[in-house]
file upload.csv (CSV, C-alpha atoms)
chain,number,residue,atom,x,y,z
A,37,MET,CA,33.4,97.3,33.9
A,38,THR,CA,36.6,97.4,35.9
A,39,ALA,CA,40.0,96.3,34.5
A,40,SER,CA,42.0,93.8,36.4
A,41,PRO,CA,45.8,93.8,36.3
A,42,GLY,CA,45.7,90.7,34.0
A,43,ASP,CA,43.8,92.6,31.3
A,44,ALA,CA,46.8,94.9,30.7
A,45,ILE,CA,49.2,92.1,29.9
A,46,PRO,CA,48.2,91.4,26.3
A,47,PRO,CA,48.4,95.0,25.1
A,48,VAL,CA,51.7,95.4,26.8
A,49,LEU,CA,53.0,92.3,25.1
A,50,LEU,CA,51.8,93.6,21.7
A,51,VAL,CA,53.5,96.9,22.2
A,52,GLY,CA,56.7,95.1,23.2
A,53,CYS,CA,56.5,92.9,20.1
A,54,GLY,CA,55.9,95.9,17.9
A,55,ARG,CA,59.0,97.6,19.2
A,56,MET,CA,61.0,94.5,18.8
A,57,GLY,CA,59.5,93.9,15.4
A,58,GLY,CA,62.4,95.5,13.6
A,59,ALA,CA,64.9,93.3,15.4
A,60,MET,CA,62.7,90.2,15.0
A,61,LEU,CA,62.1,90.7,11.3
A,62,ALA,CA,65.7,91.4,10.6
A,63,GLY,CA,66.5,87.7,10.5
A,64,TRP,CA,63.6,86.8,8.2
A,65,ARG,CA,65.5,87.8,5.1
A,66,GLU,CA,68.3,85.4,6.0
A,67,ARG,CA,65.9,82.7,6.8
A,68,GLY,CA,64.2,83.2,3.5
A,69,LEU,CA,67.5,83.0,1.6
A,70,SER,CA,68.4,79.9,3.6
A,71,ALA,CA,65.1,78.3,2.8
A,72,SER,CA,65.5,79.2,-0.9
A,73,VAL,CA,68.9,77.7,-1.0
A,74,ALA,CA,67.6,74.5,0.6
A,75,VAL,CA,64.7,74.2,-1.8
A,76,ASN,CA,67.1,74.9,-4.7
A,77,MET,CA,69.5,72.2,-3.4
A,78,GLY,CA,66.7,69.7,-3.2
A,79,MET,CA,65.6,70.6,-6.8
A,80,PHE,CA,69.1,70.3,-8.2
A,81,ALA,CA,69.7,67.0,-6.3
A,82,TRP,CA,66.5,65.6,-7.7
A,83,ALA,CA,67.3,66.8,-11.3
A,84,PHE,CA,70.8,65.4,-11.1
A,85,ARG,CA,69.4,62.1,-9.9
A,86,ILE,CA,66.8,61.9,-12.6
A,87,LEU,CA,69.0,63.1,-15.5
A,88,THR,CA,72.0,60.9,-14.8
A,89,ALA,CA,72.5,58.0,-17.1
A,90,ARG,CA,73.6,55.7,-14.4
A,91,VAL,CA,72.6,55.0,-10.8
A,92,VAL,CA,74.5,57.4,-8.5
A,93,ALA,CA,74.3,57.5,-4.7
A,94,MET,CA,72.7,60.7,-3.4
A,95,ARG,CA,75.8,61.5,-1.4
A,96,ASP,CA,77.7,61.8,-4.7
A,97,LEU,CA,75.1,64.3,-5.9
A,98,LEU,CA,74.9,66.6,-2.9
A,99,PRO,CA,78.2,68.6,-3.4
A,100,GLY,CA,77.2,69.6,-7.0
A,101,ALA,CA,73.6,70.3,-5.8
A,102,ALA,CA,75.0,72.6,-3.1
A,103,VAL,CA,77.2,74.5,-5.5
A,104,ALA,CA,74.3,74.8,-8.0
A,105,ALA,CA,71.9,76.0,-5.3
A,106,LEU,CA,74.4,78.6,-4.0
A,107,GLY,CA,75.3,79.8,-7.5
A,108,TRP,CA,71.6,80.0,-8.5
A,109,GLN,CA,70.8,82.1,-5.4
A,110,VAL,CA,73.7,84.4,-6.2
A,111,LEU,CA,72.3,84.8,-9.7
A,112,GLN,CA,68.8,85.5,-8.4
A,113,THR,CA,70.0,88.1,-6.0
A,114,ALA,CA,72.3,89.8,-8.6
A,115,GLY,CA,69.4,89.7,-11.2
A,116,THR,CA,67.1,91.3,-8.7
A,117,THR,CA,69.6,94.0,-7.9
A,118,TYR,CA,70.3,94.6,-11.6
A,119,LEU,CA,66.6,95.0,-12.4
A,120,SER,CA,65.9,97.3,-9.5
A,121,GLN,CA,69.0,99.5,-9.7
A,122,VAL,CA,69.9,99.6,-13.4
A,123,VAL,CA,66.9,98.8,-15.5
A,124,ALA,CA,64.4,100.7,-13.4
A,125,ARG,CA,66.2,104.0,-13.8
A,126,SER,CA,66.6,103.6,-17.6
A,127,THR,CA,64.4,105.0,-20.4
A,128,ASP,CA,61.9,102.8,-22.1
A,129,VAL,CA,64.1,101.9,-25.0
A,130,TYR,CA,67.3,101.4,-23.1
A,131,GLY,CA,65.5,99.7,-20.3
A,132,GLY,CA,64.0,97.1,-22.6
A,133,PHE,CA,67.3,96.6,-24.4
A,134,GLY,CA,69.1,96.3,-21.0
A,135,MET,CA,66.6,93.8,-19.8
A,136,VAL,CA,67.0,91.6,-22.8
A,137,LEU,CA,70.8,91.6,-22.6
A,138,GLY,CA,70.6,91.0,-18.8
A,139,LEU,CA,68.3,88.1,-19.4
A,140,PHE,CA,70.6,86.6,-22.0
A,141,ALA,CA,73.6,86.9,-19.5
A,142,TRP,CA,71.5,85.5,-16.7
A,143,ILE,CA,70.5,82.4,-18.7
A,144,TYR,CA,74.1,81.9,-19.8
A,145,LEU,CA,75.4,82.2,-16.3
A,146,GLY,CA,72.7,79.9,-14.9
A,147,ALA,CA,73.5,77.2,-17.5
A,148,THR,CA,77.2,77.6,-16.7
A,149,VAL,CA,76.6,77.2,-13.0
A,150,THR,CA,74.5,74.1,-13.6
A,151,ILE,CA,77.1,72.5,-15.9
A,152,VAL,CA,79.9,73.2,-13.5
A,153,ALA,CA,77.9,71.7,-10.7
A,154,ALA,CA,77.1,68.6,-12.7
A,155,GLU,CA,80.8,68.3,-13.6
A,156,ILE,CA,81.7,68.5,-9.9
A,157,ASN,CA,79.4,65.4,-9.3
A,158,VAL,CA,81.1,63.5,-12.2
A,159,VAL,CA,84.6,64.3,-11.0
A,160,ARG,CA,83.8,63.2,-7.4
A,161,SER,CA,81.8,60.1,-8.4
A,162,CYS,CA,84.3,58.8,-11.0
A,163,ARG,CA,87.4,60.0,-9.0
A,164,LEU,CA,88.8,61.9,-12.0
A,165,TRP,CA,91.2,64.1,-10.0
A,166,PRO,CA,94.0,65.0,-10.5
A,167,ARG,CA,93.9,64.3,-14.2
A,168,SER,CA,97.5,65.2,-14.9
A,169,LEU,CA,98.8,62.6,-12.4
A,170,THR,CA,96.8,59.6,-13.5
A,171,PRO,CA,98.3,57.3,-16.1
A,172,ALA,CA,96.6,57.4,-19.5
A,173,GLY,CA,93.7,55.0,-19.8
A,174,SER,CA,93.4,54.4,-16.0
A,175,ALA,CA,90.2,56.3,-15.6
A,176,SER,CA,87.4,54.2,-17.0
A,177,PRO,CA,84.3,55.9,-18.4
A,178,PRO,CA,81.1,55.5,-16.4
A,179,SER,CA,78.9,52.6,-17.3
A,180,VAL,CA,75.5,53.5,-18.8
A,181,ARG,CA,72.4,52.4,-17.1
A,182,THR,CA,70.1,50.1,-19.2
A,183,PRO,CA,66.4,50.6,-19.0
call {"tool": "encode", "arguments": {"input": "upload.csv", "output": "structure tokens"}}
result
Amino acid sequence: MTASPGDAIPPVLLVGCGRMGGAMLAGWRERGLSASVAVNMGMFAWAFRILTARVVAMRDLLPGAAVAALGWQVLQTAGTTYLSQVVARSTDVYGGFGMVLGLFAWIYLGATVTIVAAEINVVRSCRLWPRSLTPAGSASPPSVRTP
């Protein structure tokens, strides 16, 4: 069986892709983080939409959802770093104790990020800024949606 010049092209392409693999895979982490932020943003927008007592336009929910998604991604990355760098090098007793304290802090910060993001939506939707410059009683409370 004789080899033609066209038979050598696929192995050459594979070798070239293997050598470029490091450069090609370098962007996958950023793409994964971007996809995670996009999925988190959709999840938070949906949650804010469902859990709001009145009908709110989606454009009023997106700024808070974006803040929540970015904050949540930062918390996930920091939590992963904490577990891999701090807790993994600890003894069994201190590692378990550090994991429990880290989990409490992570839950607290996650709840705080979510509440701040929801408040961003309320302030934008009801135009509650700047509070110190509006006359007393001018900002009306949001109406409640009836089922």
call {"tool": "atom_distance", "arguments": {"input": "upload.csv", "atom1": "atom CA of A:Ala83", "atom2": "atom CA of A:Ile143"}}
result
17.6 Å
call {"tool": "closest_residue", "arguments": {"input": "upload.csv", "among": "A:Trp82, A:Gly107, A:Thr127, A:Ser72", "to": "A:Arg95", "atoms": "only C-alpha atoms"}}
result
A:Trp82
call {"tool": "atom_distance", "arguments": {"input": "upload.csv", "atom1": "atom CA of A:Ile151", "atom2": "atom CA of A:Gly68"}}
result
25.6 Å
call {"tool": "closest_residue", "arguments": {"input": "upload.csv", "among": "A:Gly63, A:Asp128, A:Val75, A:Phe133", "to": "A:Ala104", "atoms": "all atoms listed in the file"}}
result
A:Val75
call {"tool": "closest_residue", "arguments": {"input": "upload.csv", "among": "A:Val149, A:Ala81, A:Val129, A:Tyr144", "to": "A:Trp108", "atoms": "only C-alpha atoms"}}
result
A:Val149
call {"tool": "atom_distance", "arguments": {"input": "upload.csv", "atom1": "atom CA of A:Ala124", "atom2": "atom CA of A:Leu137"}}
result
14.4 Å
call {"tool": "closest_residue", "arguments": {"input": "upload.csv", "among": "A:Ala141, A:Arg65, A:Asp96, A:Leu106", "to": "A:Cys162", "atoms": "all atoms listed in the file"}}
result
A:Asp96
call {"tool": "residues_around", "arguments": {"input": "upload.csv", "residues": "A:Glu155", "least_positions_apart": "6", "cutoff": "12 Å", "atoms": "all atoms listed in the file", "output": "JSON list (two decimals) with C-alpha atoms, in the coordinates of the input"}}
result
[["chain", "number", "residue", "atom", "x", "y", "z"],
["A", 84, "PHE", "CA", 70.80, 65.40, -11.10],
["A", 88, "THR", "CA", 72.00, 60.90, -14.80],
["A", 96, "ASP", "CA", 77.70, 61.80, -4.70],
["A", 97, "LEU", "CA", 75.10, 64.30, -5.90],
["A", 99, "PRO", "CA", 78.20, 68.60, -3.40],
["A", 100, "GLY", "CA", 77.20, 69.60, -7.00],
["A", 101, "ALA", "CA", 73.60, 70.30, -5.80],
["A", 103, "VAL", "CA", 77.20, 74.50, -5.50],
["A", 104, "ALA", "CA", 74.30, 74.80, -8.00],
["A", 148, "THR", "CA", 77.20, 77.60, -16.70],
["A", 149, "VAL", "CA", 76.60, 77.20, -13.00],
["A", 161, "SER", "CA", 81.80, 60.10, -8.40],
["A", 162, "CYS", "CA", 84.30, 58.80, -11.00],
["A", 163, "ARG", "CA", 87.40, 60.00, -9.00],
["A", 164, "LEU", "CA", 88.80, 61.90, -12.00],
["A", 165, "TRP", "CA", 91.20, 64.10, -10.00]]
call {"tool": "closest_residue", "arguments": {"input": "upload.csv", "among": "A:Val158, A:Gly134, A:Thr117, A:Ala105", "to": "A:Gly146", "atoms": "only C-alpha atoms"}}
result
A:Ala105
